[in-house]
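**Q** Just so it is clear, I am handing over work-v4.txt, which has compact mmCIF, C-alpha atoms.
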```txt
# COMPACT_ATOMS: atom_id res chain seq x y z
CA MET H 1 89.26 97.07 138.39
CA LYS H 2 87.38 94.63 140.62
CA ILE H 3 90.20 94.69 143.16
CA PHE H 4 89.99 98.49 143.50
CA ILE H 5 86.26 98.30 144.29
CA GLU H 6 86.97 95.55 146.81
CA LEU H 7 89.74 97.59 148.45
CA ILE H 8 87.61 100.74 148.66
CA LYS H 9 84.88 98.64 150.29
CA ASN H 10 87.47 97.30 152.73
CA PHE H 11 88.54 100.85 153.55
CA PHE H 12 85.10 101.64 154.90
CA THR H 13 84.66 98.27 156.62
CA LYS H 14 85.61 97.52 160.22
CA PRO H 15 88.99 95.76 160.50
CA VAL H 16 88.87 91.99 160.86
CA THR H 17 91.81 92.10 163.28
CA VAL H 18 90.72 92.15 166.92
CA ASP H 19 92.48 94.77 169.01
CA PHE H 20 93.81 92.04 171.32
CA PRO H 21 95.01 92.17 174.14
CA ILE H 22 93.86 95.79 174.54
CA THR H 23 90.31 94.49 174.22
CA SER H 24 88.86 90.99 173.87
CA LYS H 25 85.78 92.39 172.14
CA GLY H 26 85.10 90.52 168.94
CA LEU H 27 87.45 87.69 169.84
CA ASN H 28 85.93 84.46 168.62
CA LYS H 29 86.83 81.95 171.33
CA PRO H 30 86.01 78.29 170.67
CA GLU H 31 83.82 76.61 173.29
CA ARG H 32 86.44 74.17 174.63
CA LEU H 33 89.41 76.54 174.41
CA ARG H 34 92.10 75.65 176.95
CA GLY H 35 93.58 78.71 178.63
CA ARG H 36 94.78 79.73 182.07
CA HIS H 37 94.09 77.22 184.89
CA TYR H 38 91.67 77.84 187.73
CA LEU H 39 92.39 76.00 190.95
CA ASP H 40 89.65 75.72 193.58
CA ASN H 41 91.67 75.31 196.78
CA ASP H 42 88.56 74.52 198.84
CA ILE H 43 87.82 71.26 197.03
CA CYS H 44 91.36 70.26 196.07
CA THR H 45 92.48 67.26 198.13
CA GLY H 46 96.17 67.50 197.29
CA CYS H 47 96.17 63.96 195.84
CA LYS H 48 99.11 64.72 193.47
CA ARG H 49 97.41 63.09 190.46
CA CYS H 50 97.85 66.23 188.36
CA TYR H 51 101.50 66.35 189.42
CA ARG H 52 102.05 62.78 188.24
CA VAL H 53 100.19 63.09 184.94
CA CYS H 54 101.68 66.40 183.76
CA PRO H 55 103.74 65.68 180.59
CA SER H 56 105.67 68.95 180.83
CA PHE H 57 106.55 68.57 184.54
CA VAL H 58 105.37 72.08 185.29
CA ILE H 59 103.18 71.19 188.28
CA GLU H 60 104.94 71.14 191.62
CA MET H 61 103.37 70.09 194.91
CA ILE H 62 104.24 72.33 197.81
CA GLU H 63 103.68 71.51 201.43
CA ILE H 64 101.00 73.55 203.17
CA THR H 65 102.58 75.49 205.99
CA GLU H 66 100.82 77.14 208.90
CA ASN H 67 100.97 80.52 207.13
CA MET H 68 99.09 79.09 204.16
CA ARG H 69 96.54 77.09 206.15
CA HIS H 70 93.89 79.82 206.09
CA LEU H 71 93.71 79.48 202.29
CA HIS H 72 92.76 75.81 202.42
CA LYS H 73 89.51 74.68 204.07
CA ASN H 74 90.35 70.97 203.85
CA MET H 75 92.31 70.35 207.06
CA LYS H 76 93.51 66.89 205.91
CA LYS H 77 95.17 68.35 202.86
CA LYS H 78 98.96 68.37 203.18
CA PHE H 79 100.05 69.44 199.71
CA THR H 80 98.79 71.93 197.17
CA PRO H 81 99.68 72.15 193.46
CA VAL H 82 101.44 75.14 191.92
CA ILE H 83 101.21 75.29 188.11
CA ASN H 84 103.98 77.10 186.27
CA LEU H 85 102.33 78.40 183.13
CA ASP H 86 105.61 79.31 181.41
CA GLY H 87 106.23 75.66 180.53
CA CYS H 88 102.62 74.49 180.29
CA ILE H 89 101.41 73.11 176.96
CA PHE H 90 97.73 73.39 177.99
CA CYS H 91 97.03 69.76 177.14
CA GLY H 92 94.32 69.48 179.79
CA ALA H 93 95.62 66.21 181.25
CA CYS H 94 95.57 67.64 184.81
CA GLU H 95 91.95 68.73 184.37
CA ASP H 96 90.94 65.27 183.11
CA VAL H 97 92.64 63.43 185.93
CA CYS H 98 91.43 65.61 188.80
CA PRO H 99 89.00 63.50 190.87
CA THR H 100 87.22 66.48 192.47
CA ASP H 101 87.14 68.85 189.47
CA ALA H 102 89.15 71.33 191.51
CA LEU H 103 91.44 72.08 188.57
CA ASN H 104 89.89 73.60 185.45
CA LEU H 105 91.28 75.14 182.31
CA THR H 106 89.39 78.38 181.66
CA ASN H 107 89.08 80.12 178.29
CA ASN H 108 91.21 83.02 179.52
CA ILE H 109 94.12 83.08 177.06
CA VAL H 110 95.79 86.21 178.42
CA VAL H 111 98.65 84.25 179.93
CA PRO H 112 101.85 86.14 178.96
CA SER H 113 103.39 88.35 181.61
CA ASP H 114 106.71 90.04 182.32
CA ASN H 115 106.54 88.79 185.91
CA ARG H 116 107.28 85.10 186.53
CA GLU H 117 105.21 85.10 189.74
CA LYS H 118 102.11 86.03 187.70
CA LEU H 119 102.67 82.91 185.61
CA LYS H 120 102.04 80.70 188.63
CA VAL H 121 98.58 79.35 189.44
CA LYS H 122 98.30 78.59 193.14
CA MET U 1 116.75 135.16 161.48
CA VAL U 2 113.69 134.52 159.28
CA VAL U 3 115.83 132.59 156.81
CA ILE U 4 117.28 130.39 159.59
CA PHE U 5 113.75 129.73 160.90
CA ARG U 6 112.58 128.85 157.39
CA VAL U 7 115.50 126.49 156.78
CA LEU U 8 115.64 124.81 160.17
CA ILE U 9 112.05 124.74 161.37
CA TYR U 10 109.16 125.73 159.11
CA PRO U 11 108.88 124.74 156.30
CA GLY U 12 112.48 123.54 156.55
CA ILE U 13 114.14 120.53 158.17
CA GLY U 14 111.88 120.28 161.24
CA PHE U 15 108.64 120.37 159.28
CA ILE U 16 110.00 118.04 156.60
CA LEU U 17 110.96 115.47 159.24
CA PHE U 18 107.49 115.82 160.77
CA LEU U 19 106.02 115.20 157.32
CA ALA U 20 108.31 112.20 156.76
CA PHE U 21 107.19 110.43 159.93
CA THR U 22 103.53 111.42 159.52
CA TYR U 23 103.27 110.41 155.84
CA ASP U 24 104.80 107.03 156.59
CA TRP U 25 102.28 106.48 159.40
CA LEU U 26 99.45 107.55 157.09
CA TYR U 27 100.67 105.23 154.34
CA ARG U 28 100.86 102.29 156.73
CA LYS U 29 97.51 103.08 158.31
CA ILE U 30 95.69 103.39 154.97
CA LEU U 31 97.36 100.24 153.64
CA ALA U 32 96.21 98.42 156.78
CA LYS U 33 92.65 99.69 156.29
CA PHE U 34 92.65 98.30 152.74
CA GLN U 35 93.82 94.95 154.07
CA LEU U 36 91.23 94.92 156.90
CA ARG U 37 93.96 95.31 159.52
CA ILE U 38 94.31 97.94 162.24
CA GLY U 39 97.84 99.12 161.46
CA PRO U 40 100.13 100.99 163.88
CA GLN U 41 98.23 101.79 167.07
CA VAL U 42 100.44 101.69 170.16
CA ALA U 43 102.93 104.61 169.90
CA GLY U 44 101.03 107.88 170.28
CA HIS U 45 97.41 108.53 169.39
CA LYS U 46 96.37 105.79 166.92
CA GLY U 47 100.05 104.95 166.43
CA VAL U 48 100.98 108.33 164.92
CA LEU U 49 104.45 108.19 166.48
CA GLN U 50 105.14 104.65 165.25
CA SER U 51 107.56 105.68 162.49
CA LEU U 52 109.46 107.93 164.90
CA ALA U 53 109.54 105.10 167.44
CA ASP U 54 110.89 102.73 164.77
CA PHE U 55 113.59 105.26 163.87
CA ILE U 56 114.66 105.77 167.49
CA LYS U 57 114.57 102.07 168.29
CA THR U 58 116.63 101.17 165.23
CA SER U 59 119.21 103.83 165.98
CA THR U 60 119.84 102.37 169.43
CA LYS U 61 120.57 98.86 168.13
CA GLU U 62 124.00 97.29 167.84
CA GLU U 63 126.03 98.13 164.75
CA ILE U 64 127.76 95.31 162.93
CA ILE U 65 130.42 95.91 160.29
CA PRO U 66 131.01 92.91 157.99
CA ASP U 67 134.60 91.88 157.21
CA LYS U 68 134.06 92.00 153.46
CA SER U 69 132.57 95.51 153.47
CA HIS U 70 134.29 98.65 152.23
CA LYS U 71 134.81 100.17 155.68
CA VAL U 72 134.86 103.92 154.95
CA ILE U 73 131.86 103.94 152.62
CA PHE U 74 129.96 101.47 154.80
CA GLU U 75 130.59 103.56 157.90
CA TYR U 76 129.95 107.10 156.64
CA LEU U 77 127.81 107.06 153.49
CA PRO U 78 124.53 106.07 155.26
CA ILE U 79 124.83 109.18 157.44
CA PHE U 80 124.97 111.36 154.33
CA SER U 81 122.30 109.45 152.42
CA PRO U 82 119.31 111.61 153.57
CA LEU U 83 121.09 114.85 152.57
CA PRO U 84 120.32 114.88 148.80
CA LEU U 85 116.66 114.21 149.55
CA LEU U 86 116.53 116.83 152.28
CA LEU U 87 118.07 119.31 149.86
CA ALA U 88 115.60 118.25 147.15
CA LEU U 89 112.72 118.88 149.54
CA PHE U 90 113.83 122.49 149.90
CA PHE U 91 112.69 122.95 146.30
CA ILE U 92 109.11 121.89 147.06
CA PRO U 93 106.73 124.77 147.84
CA ILE U 94 104.92 123.86 151.05
CA ASN U 95 103.48 126.99 152.63
CA SER U 96 103.44 129.44 149.73
CA GLU U 97 103.95 129.56 145.98
CA TYR U 98 107.67 129.93 146.64
CA ALA U 99 109.86 127.23 148.14
CA ILE U 100 112.90 127.79 150.36
CA ILE U 101 115.10 127.44 147.29
CA ASN U 102 113.57 128.54 144.03
CA ASN U 103 115.25 129.23 140.73
CA GLN U 104 114.71 128.56 137.08
CA GLY U 105 116.08 125.01 137.12
CA ASP U 106 114.15 123.42 139.98
CA LEU U 107 113.13 120.30 138.08
CA TYR U 108 116.67 119.70 136.80
CA ALA U 109 117.98 119.95 140.34
CA ILE U 110 115.33 117.58 141.73
CA LEU U 111 115.91 114.97 139.02
CA PHE U 112 119.65 115.23 139.59
CA LEU U 113 119.23 114.79 143.36
CA ILE U 114 116.91 111.79 142.89
CA SER U 115 119.49 110.18 140.60
CA LEU U 116 122.21 111.04 143.11
CA PHE U 117 120.30 109.20 145.82
CA ALA U 118 119.91 106.19 143.51
CA ALA U 119 123.68 106.28 143.00
CA ILE U 120 124.10 106.36 146.79
CA GLN U 121 121.81 103.32 147.07
CA ILE U 122 123.89 101.39 144.56
CA THR U 123 127.13 102.39 146.30
CA LEU U 124 125.71 101.38 149.70
CA GLY U 125 124.74 97.99 148.32
CA TRP U 126 128.16 97.50 146.75
CA ALA U 127 130.00 98.64 149.90
CA SER U 128 128.23 95.97 151.99
CA GLY U 129 130.26 93.21 150.37
CA ASN U 130 127.22 90.97 150.38
CA ASN U 131 125.72 89.14 147.41
CA TYR U 132 122.14 89.93 148.38
CA ALA U 133 123.03 93.60 148.77
CA MET U 134 124.76 93.58 145.38
CA ILE U 135 121.71 92.01 143.71
CA GLY U 136 119.50 94.61 145.43
CA ALA U 137 121.78 97.42 144.31
CA SER U 138 121.82 96.20 140.71
CA ARG U 139 118.03 95.94 140.76
CA SER U 140 117.89 99.46 142.17
CA GLY U 141 120.07 100.65 139.29
CA LEU U 142 117.87 98.83 136.82
CA GLN U 143 114.79 100.55 138.21
CA LEU U 144 116.54 103.92 138.04
CA VAL U 145 117.29 103.36 134.36
CA SER U 146 113.84 101.94 133.60
CA PHE U 147 111.72 104.51 135.43
CA GLY U 148 113.92 107.55 134.88
CA ILE U 149 112.62 108.28 131.38
CA PRO U 150 108.86 108.01 132.15
CA LEU U 151 109.47 110.12 135.27
CA VAL U 152 111.12 112.87 133.23
CA PHE U 153 108.47 112.80 130.50
CA ALA U 154 105.65 112.86 133.06
CA SER U 155 107.23 115.86 134.81
CA ILE U 156 107.82 117.60 131.48
CA THR U 157 104.03 117.79 130.97
CA SER U 158 103.63 120.37 133.73
CA VAL U 159 106.75 122.19 132.57
CA MET U 160 105.39 122.46 129.02
CA LEU U 161 102.02 123.73 130.20
CA ALA U 162 103.51 126.28 132.60
CA GLY U 163 106.34 127.19 130.24
CA SER U 164 108.94 127.07 132.99
CA PHE U 165 111.16 124.64 134.87
CA SER U 166 110.63 126.57 138.08
CA PHE U 167 108.22 124.99 140.58
CA SER U 168 107.01 128.41 141.65
CA ASP U 169 106.00 129.19 138.05
CA ILE U 170 104.29 125.80 137.72
CA VAL U 171 102.34 126.38 140.95
CA ILE U 172 101.40 129.94 139.91
CA TYR U 173 100.28 128.65 136.50
CA GLN U 174 98.03 126.10 138.18
CA ARG U 175 96.72 128.71 140.62
CA ASP U 176 95.72 131.01 137.77
CA ASN U 177 94.49 128.25 135.45
CA ASN U 178 93.37 124.69 136.07
CA TRP U 179 95.41 122.05 137.85
CA VAL U 180 97.52 120.04 135.41
CA ILE U 181 95.71 116.83 136.39
CA TRP U 182 92.42 118.13 134.92
CA GLY U 183 92.67 117.55 131.18
CA VAL U 184 95.68 116.54 129.16
CA GLY U 185 97.89 116.12 132.20
CA PHE U 186 95.88 113.23 133.64
CA LEU U 187 97.81 110.58 131.71
CA ALA U 188 101.09 112.10 132.87
CA PHE U 189 99.74 112.13 136.44
CA CYS U 190 99.01 108.38 136.27
CA ILE U 191 102.49 107.69 134.89
CA PHE U 192 104.05 109.89 137.55
CA LEU U 193 102.23 108.01 140.32
CA ILE U 194 103.47 104.66 139.01
CA THR U 195 107.03 105.92 138.73
CA SER U 196 106.74 107.44 142.22
CA LEU U 197 105.91 104.01 143.60
CA ALA U 198 108.96 102.64 141.83
CA GLU U 199 111.17 105.44 143.14
CA MET U 200 109.89 104.82 146.65
CA GLU U 201 110.51 101.08 146.22
CA LYS U 202 107.03 100.24 147.41
CA VAL U 203 105.01 97.20 146.35
CA PRO U 204 104.74 96.23 143.44
CA PHE U 205 108.15 97.73 142.61
CA ASP U 206 109.99 96.66 145.75
CA THR U 207 112.35 94.25 143.97
CA PRO U 208 115.52 96.05 145.20
CA GLU U 209 114.49 95.39 148.81
CA ALA U 210 112.39 92.25 148.40
CA GLU U 211 112.59 90.74 151.89
CA THR U 212 111.29 87.34 150.86
CA GLU U 213 113.77 86.97 148.00
CA ILE U 214 116.95 88.82 148.81
CA ALA U 215 116.53 89.48 152.52
CA GLY U 216 116.22 93.26 152.31
CA GLY U 217 118.42 93.83 149.25
CA TRP U 218 120.88 96.69 149.43
CA THR U 219 120.00 97.40 153.08
CA VAL U 220 120.70 93.85 154.29
CA GLU U 221 124.02 94.47 156.08
CA TYR U 222 123.16 97.82 157.64
CA SER U 223 122.14 97.91 161.28
CA GLY U 224 121.78 100.35 164.15
CA ARG U 225 122.34 104.02 163.43
CA LYS U 226 123.28 103.42 159.79
CA TYR U 227 120.04 101.60 159.09
CA ALA U 228 118.11 104.33 160.91
CA PHE U 229 119.54 106.88 158.48
CA ILE U 230 118.63 104.64 155.56
CA ILE U 231 115.07 104.42 156.91
CA LEU U 232 115.03 108.20 157.26
CA SER U 233 116.18 108.66 153.68
CA GLU U 234 113.43 106.33 152.46
CA LEU U 235 110.85 108.31 154.42
CA LEU U 236 112.20 111.55 152.96
CA LYS U 237 111.97 110.04 149.49
CA GLU U 238 108.29 109.32 150.17
CA VAL U 239 107.73 112.97 151.11
CA LEU U 240 109.67 114.11 148.06
CA MET U 241 107.70 112.02 145.58
CA VAL U 242 104.36 112.94 147.18
CA GLY U 243 105.43 116.61 147.28
CA LEU U 244 106.49 116.48 143.64
CA THR U 245 103.15 114.97 142.62
CA VAL U 246 101.27 117.69 144.49
CA THR U 247 103.46 120.44 143.02
CA LEU U 248 103.44 119.25 139.43
CA PHE U 249 99.85 118.07 139.08
CA LEU U 250 97.66 119.21 141.96
CA GLY U 251 98.41 122.91 142.09
CA GLY U 252 100.99 122.74 144.85
CA PRO U 253 99.90 124.25 148.15
CA THR U 254 97.55 126.78 146.54
CA GLY U 255 93.82 126.93 147.18
CA PRO U 256 91.11 129.38 148.21
CA THR U 257 92.54 131.94 150.64
CA PHE U 258 89.22 133.70 151.55
CA GLY U 259 90.96 137.07 151.27
CA MET U 260 93.44 136.17 154.00
CA ASP U 261 97.06 137.18 153.84
CA GLY U 262 100.29 136.78 155.77
CA ILE U 263 100.66 133.97 158.29
CA VAL U 264 97.02 132.79 157.99
CA LYS U 265 97.50 132.32 154.26
CA LYS U 266 100.66 130.31 154.91
CA ILE U 267 98.83 128.08 157.37
CA LEU U 268 95.94 127.63 154.92
CA PHE U 269 98.41 126.70 152.19
CA THR U 270 100.10 124.19 154.48
CA ILE U 271 96.72 122.61 155.21
CA TYR U 272 95.95 122.40 151.49
CA PHE U 273 99.35 120.82 150.90
CA LEU U 274 98.71 118.24 153.62
CA LEU U 275 95.23 117.44 152.28
CA LYS U 276 96.48 117.01 148.73
CA SER U 277 99.41 114.91 149.96
CA SER U 278 97.00 112.70 151.91
CA ALA U 279 94.98 112.14 148.75
CA VAL U 280 98.14 111.14 146.86
CA ILE U 281 99.18 108.81 149.69
CA PHE U 282 95.71 107.27 149.57
CA ILE U 283 96.08 106.52 145.84
CA LEU U 284 99.63 105.19 146.31
CA SER U 285 98.44 102.90 149.13
CA LEU U 286 95.58 101.73 146.93
CA LEU U 287 98.00 100.83 144.15
CA SER U 288 100.31 99.08 146.62
CA ALA U 289 97.49 97.13 148.20
CA SER U 290 96.03 96.01 144.89
CA LEU U 291 99.18 94.59 143.33
CA ALA U 292 101.74 91.93 144.18
CA ARG U 293 105.48 92.31 143.64
CA LEU U 294 106.40 92.18 139.97
CA LYS U 295 109.33 90.20 138.61
CA VAL U 296 112.40 92.13 137.46
CA SER U 297 111.76 91.08 133.86
CA GLN U 298 108.13 92.23 134.09
CA ILE U 299 109.20 95.62 135.44
CA THR U 300 111.75 96.18 132.67
CA GLU U 301 109.42 94.95 129.96
CA GLY U 302 106.52 96.99 131.33
CA THR U 303 108.48 100.22 131.54
CA TRP U 304 110.25 100.00 128.18
CA SER U 305 107.39 98.63 126.11
CA LEU U 306 104.44 100.30 127.85
CA LEU U 307 105.22 103.13 130.25
CA THR U 308 107.90 104.91 128.21
CA PRO U 309 105.89 104.97 124.92
CA ILE U 310 102.78 106.14 126.79
CA SER U 311 104.74 108.91 128.50
CA ILE U 312 106.19 110.03 125.14
CA MET U 313 102.67 109.94 123.67
CA SER U 314 101.40 112.08 126.52
CA VAL U 315 104.07 114.68 125.75
CA ILE U 316 103.20 114.56 122.02
CA LEU U 317 99.52 114.96 122.96
CA ILE U 318 100.31 118.16 124.83
CA ILE U 319 102.39 119.48 121.94
CA ILE U 320 99.45 118.84 119.57
CA ILE U 321 96.85 120.38 121.88
```
Take the structure I supplied and represent it as structure tokens, if you would.
**A**
Amino acid sequence: MKIFIELIKNFFTKPVTVDFPITSKGLNKPERLRGRHYLDNDICTGCKRCYRVCPSFVIEMIEITENMRHLHKNMKKKFTPVINLDGCIFCGACEDVCPTDALNLTNNIVVPSDNREKLKVK
Amino acid sequence: MVVIFRVLIYPGIGFILFLAFTYDWLYRKILAKFQLRIGPQVAGHKGVLQSLADFIKTSTKEEIIPDKSHKVIFEYLPIFSPLPLLLALFFIPINSEYAIINNQGDLYAILFLISLFAAIQITLGWASGNNYAMIGASRSGLQLVSFGIPLVFASITSVMLAGSFSFSDIVIYQRDNNWVIWGVGFLAFCIFLITSLAEMEKVPFDTPEAETEIAGGWTVEYSGRKYAFIILSELLKEVLMVGLTVTLFLGGPTGPTFGMDGIVKKILFTIYFLLKSSAVIFILSLLSASLARLKVSQITEGTWSLLTPISIMSVILIIII
């Protein structure tokens, strides 16, 4: 009998399930959650440390061409990292090793996409 | 022309299919609410088209025919499996006191068609040539034998009170007097609900399909269009059992008509039928949510030593009163 009372109570209670990813409202994100990367191109020096430390080999360093130069304020910078999120394990090693704190893992966990280009952080 | 409209559209095949998909959505949604989940929500408004989407998606999938299966039965029987239930639903009064088919032996016909579907289930399981399917089919047969008697005795209650096997007479009796559920029929109503759950193979009586034990039971080998038809027949069975409960115990589609007549009365009756059905689905979901799957031995023991004697007692009670 107790279970019926409990179930009737549940019926009039708000669902525990969060309507994610339609809304993130009610989503209980831990403080140090590691989600999608944020790369600050202005302070990145292109030192390749993140590229070397990545255990999943998903960071590639691409050469900055003239077309891309306007995106990077640092004129000495020759390379810029591109992170492929499809293979990333979000370990945070790149964030730890970055000397200028240009690379950060945000708490944005909406990573999946049907477009591979959207899975790249440039 | 009117007859064709009644058979094909309202309250015939079209409306019955609408009910099948809607009731399933309602069942899933209410069950989710009990379990603090959201339930179907993507297809249509609040996921109302989810069951239809499932049916369409399944029917477009690849069909695989196992080597060990009985080819003819495996290929064609699933397509015919919804037919007995569709025919049985023609006996249920939905928009007036009279159903599309009504005669003096409605209940006989319904019970026969339910048993026929159970026989189809067993044959489908056997024709798969799979051990899991065979176990599921045998469990299905066991449930048919176990729950058949309480189902008949529970239905007999309304028949005895109304003095007729015809659903129209039962509905008219309840319209003129009280609903069967109020009074001596309450016990029979409870038994009928439990047996309905078993007939629908819902938790806690889902042993024939038990996914975690026998990988879907008698449906395990069916895929694509064939499985879609099996899903459809299960949905129709849900409508049939809910419809039967409403007809036998809750006064069918009847209710206050406010002096209206003609088409307005029919619409009012349909609304009453839907409201009563929703209440039954609510109770069925509550029972499903509150219990875990029973073992086969528990089901058999429970039906033969508890449900059957109680159902006989309920009939004796009515004879005495």
**Q** Using all atoms listed in the file, can you tell me which of H:Ala102, H:Lys77, H:Cys50, H:Leu39 comes closest to H:Glu63?
**A**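 Ranking H:Ala102, H:Lys77, H:Cys50, H:Leu39 by distance to H:Glu63, first place goes to H:Lys77.
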**Q** Compare U:Leu107, U:Leu287, U:Val2, U:Ile156 by their minimum atom-to-atom distance to chain H, counting all atoms listed in the file, and give me the closest one.
**A**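 Of U:Leu107, U:Leu287, U:Val2, U:Ile156, the one nearest chain H, counting all atoms listed in the file, is U:Leu287.
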**Q** Produce the centre coordinates and the three edge lengths, each in Å to one decimal, of the box along x, y and z that contains all listed atoms of stretch 24-39 of chain H with 8 Å added on each side, as AutoDock Vina command-line options.
**A**
```
--center_x 89.3 --center_y 83.3 --center_z 179.8 --size_x 27.0 --size_y 34.2 --size_z 38.3
```
**Q** Can you work out the spacing between atom CA of U:Arg139 and atom CA of U:Phe186 in Å, to one decimal?
**A**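 Result for atom CA of U:Arg139 versus atom CA of U:Phe186: 29.0 Å, one decimal.
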**Q** Tell me as a PyMOL selection string which residues belonging to chain U come within 8 Å of chain H, counting all atoms listed in the file.
**A** chain U and resi 30+33-38+286+289-290
**Q** Would you put the residues from that selection into a file with C-alpha atoms, as a JSON list (two decimals), keeping the file's coordinate frame?
**A**
```json
[["chain", "number", "residue", "atom", "x", "y", "z"],
["U", 30, "ILE", "CA", 95.69, 103.39, 154.97],
["U", 33, "LYS", "CA", 92.65, 99.69, 156.29],
["U", 34, "PHE", "CA", 92.65, 98.30, 152.74],
["U", 35, "GLN", "CA", 93.82, 94.95, 154.07],
["U", 36, "LEU", "CA", 91.23, 94.92, 156.90],
["U", 37, "ARG", "CA", 93.96, 95.31, 159.52],
["U", 38, "ILE", "CA", 94.31, 97.94, 162.24],
["U", 286, "LEU", "CA", 95.58, 101.73, 146.93],
["U", 289, "ALA", "CA", 97.49, 97.13, 148.20],
["U", 290, "SER", "CA", 96.03, 96.01, 144.89]]
```
**Q** Might you pull out every residue within 7 Å of H:Phe79, with only C-alpha atoms counted and same-chain residues fewer than 4 positions away left off, and present them as a list in words?
**A** Gly46, Met61, Ile62, Glu63 and Ile64 of chain H
**Q** Can you measure atom CA of U:Ile319 to atom CA of U:Leu244 for me? One decimal in Å is fine.
**A**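 Computed distance, atom CA of U:Ile319 to atom CA of U:Leu244, equals 22.3 Å.
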**Q** Measure the distance from atom CA of U:Ile100 to atom CA of U:Thr245 in Å and round it to one decimal.
**A**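 Between atom CA of U:Ile100 and atom CA of U:Thr245 the gap works out to 17.9 Å.
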**Q** Do a neighbour search on U:Ile191 at 7 Å with all atoms listed in the file, toss out local chain neighbours closer than 3 positions, and write the hits as a short mmCIF file (atom, residue, chain, number, x, y, z; two decimals) with C-alpha atoms, in the frame of the given file.
**A**
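Output saved as around.cif:
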```cif
data_model
loop_
_atom_site.label_atom_id
_atom_site.label_comp_id
_atom_site.auth_asym_id
_atom_site.auth_seq_id
_atom_site.Cartn_x
_atom_site.Cartn_y
_atom_site.Cartn_z
CA PRO U 150 108.86 108.01 132.15
CA ALA U 154 105.65 112.86 133.06
CA LEU U 187 97.81 110.58 131.71
CA ALA U 188 101.09 112.10 132.87
CA ILE U 194 103.47 104.66 139.01
CA THR U 195 107.03 105.92 138.73
CA SER U 311 104.74 108.91 128.50
#
```
**Q** Skipping near chain neighbours, those fewer than 4 positions away, what residues fall within 6 Å of stretch 85-94 of chain U using all atoms listed in the file, listed as a ChimeraX atom specification?
**A** /U:98-101,110,240,253,270
**Q** Save out the residues we just selected, C-alpha atoms, as a tab-separated table (two decimals), keeping the file's coordinate frame.
**A**
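Dumped everything to selection13.tsv:
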```
chain	number	residue	atom	x	y	z
U	98	TYR	CA	107.67	129.93	146.64
U	99	ALA	CA	109.86	127.23	148.14
U	100	ILE	CA	112.90	127.79	150.36
U	101	ILE	CA	115.10	127.44	147.29
U	110	ILE	CA	115.33	117.58	141.73
U	240	LEU	CA	109.67	114.11	148.06
U	253	PRO	CA	99.90	124.25	148.15
U	270	THR	CA	100.10	124.19	154.48
```
**Q** With distances taken over only C-alpha atoms, which of H:Pro21, H:Pro30, H:Pro99, H:Pro81 is nearest to H:Lys122?
**A**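 Distance minimum relative to H:Lys122 lands on H:Pro81.
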**Q** Taking into account all atoms listed in the file, which residue in the set H:Arg49, H:Lys25, H:Arg32, H:His37 is nearest to H:Asn104?
**A** H:His37
**Q** Which residues are near H:Asn108? Cut-off 8 Å, all atoms listed in the file, ignore same chain within fewer than 4 positions. Put them as a PyMOL selection string.
**A** chain H and resi 34-36
**Q** Measuring between only C-alpha atoms, which one of H:Met75, H:Val110, H:Asp101, H:Val58 shows the shortest distance to H:Thr23?
**A**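 Selected residue with least distance to H:Thr23: H:Val110.
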**Q** Can you work out which one of H:Ser56, H:Asn74, H:Asn28, H:Asn84 has the shortest atom-to-atom distance to H:Arg116, counting only C-alpha atoms?
**A**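 That would be H:Asn84, the residue with the smallest distance to H:Arg116.
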**Q** If we count all atoms listed in the file and set the cut-off at 6 Å, which residues sit around stretch 202-217 of chain U, ignoring sequence neighbours fewer than 4 positions away in its own chain? Please answer as a list in words.
**A**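 Residues meeting the cut-off are Tyr132, Ala133, Gly136, Arg139, Ser140, Leu197, Ala198, Ser288, Leu291, Ala292, Arg293 and Leu294 of chain U.
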**Q** Give me a file of those residues, with C-alpha atoms, as a PDB file, in the coordinates of the input.
**A**
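Saved the output as again_2.pdb:
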```pdb
ATOM      1  CA  TYR U 132     122.140  89.930 148.380  1.00  0.00           C
ATOM      2  CA  ALA U 133     123.030  93.600 148.770  1.00  0.00           C
ATOM      3  CA  GLY U 136     119.500  94.610 145.430  1.00  0.00           C
ATOM      4  CA  ARG U 139     118.030  95.940 140.760  1.00  0.00           C
ATOM      5  CA  SER U 140     117.890  99.460 142.170  1.00  0.00           C
ATOM      6  CA  LEU U 197     105.910 104.010 143.600  1.00  0.00           C
ATOM      7  CA  ALA U 198     108.960 102.640 141.830  1.00  0.00           C
ATOM      8  CA  SER U 288     100.310  99.080 146.620  1.00  0.00           C
ATOM      9  CA  LEU U 291      99.180  94.590 143.330  1.00  0.00           C
ATOM     10  CA  ALA U 292     101.740  91.930 144.180  1.00  0.00           C
ATOM     11  CA  ARG U 293     105.480  92.310 143.640  1.00  0.00           C
ATOM     12  CA  LEU U 294     106.400  92.180 139.970  1.00  0.00           C
TER      13      LEU U 294
END
```
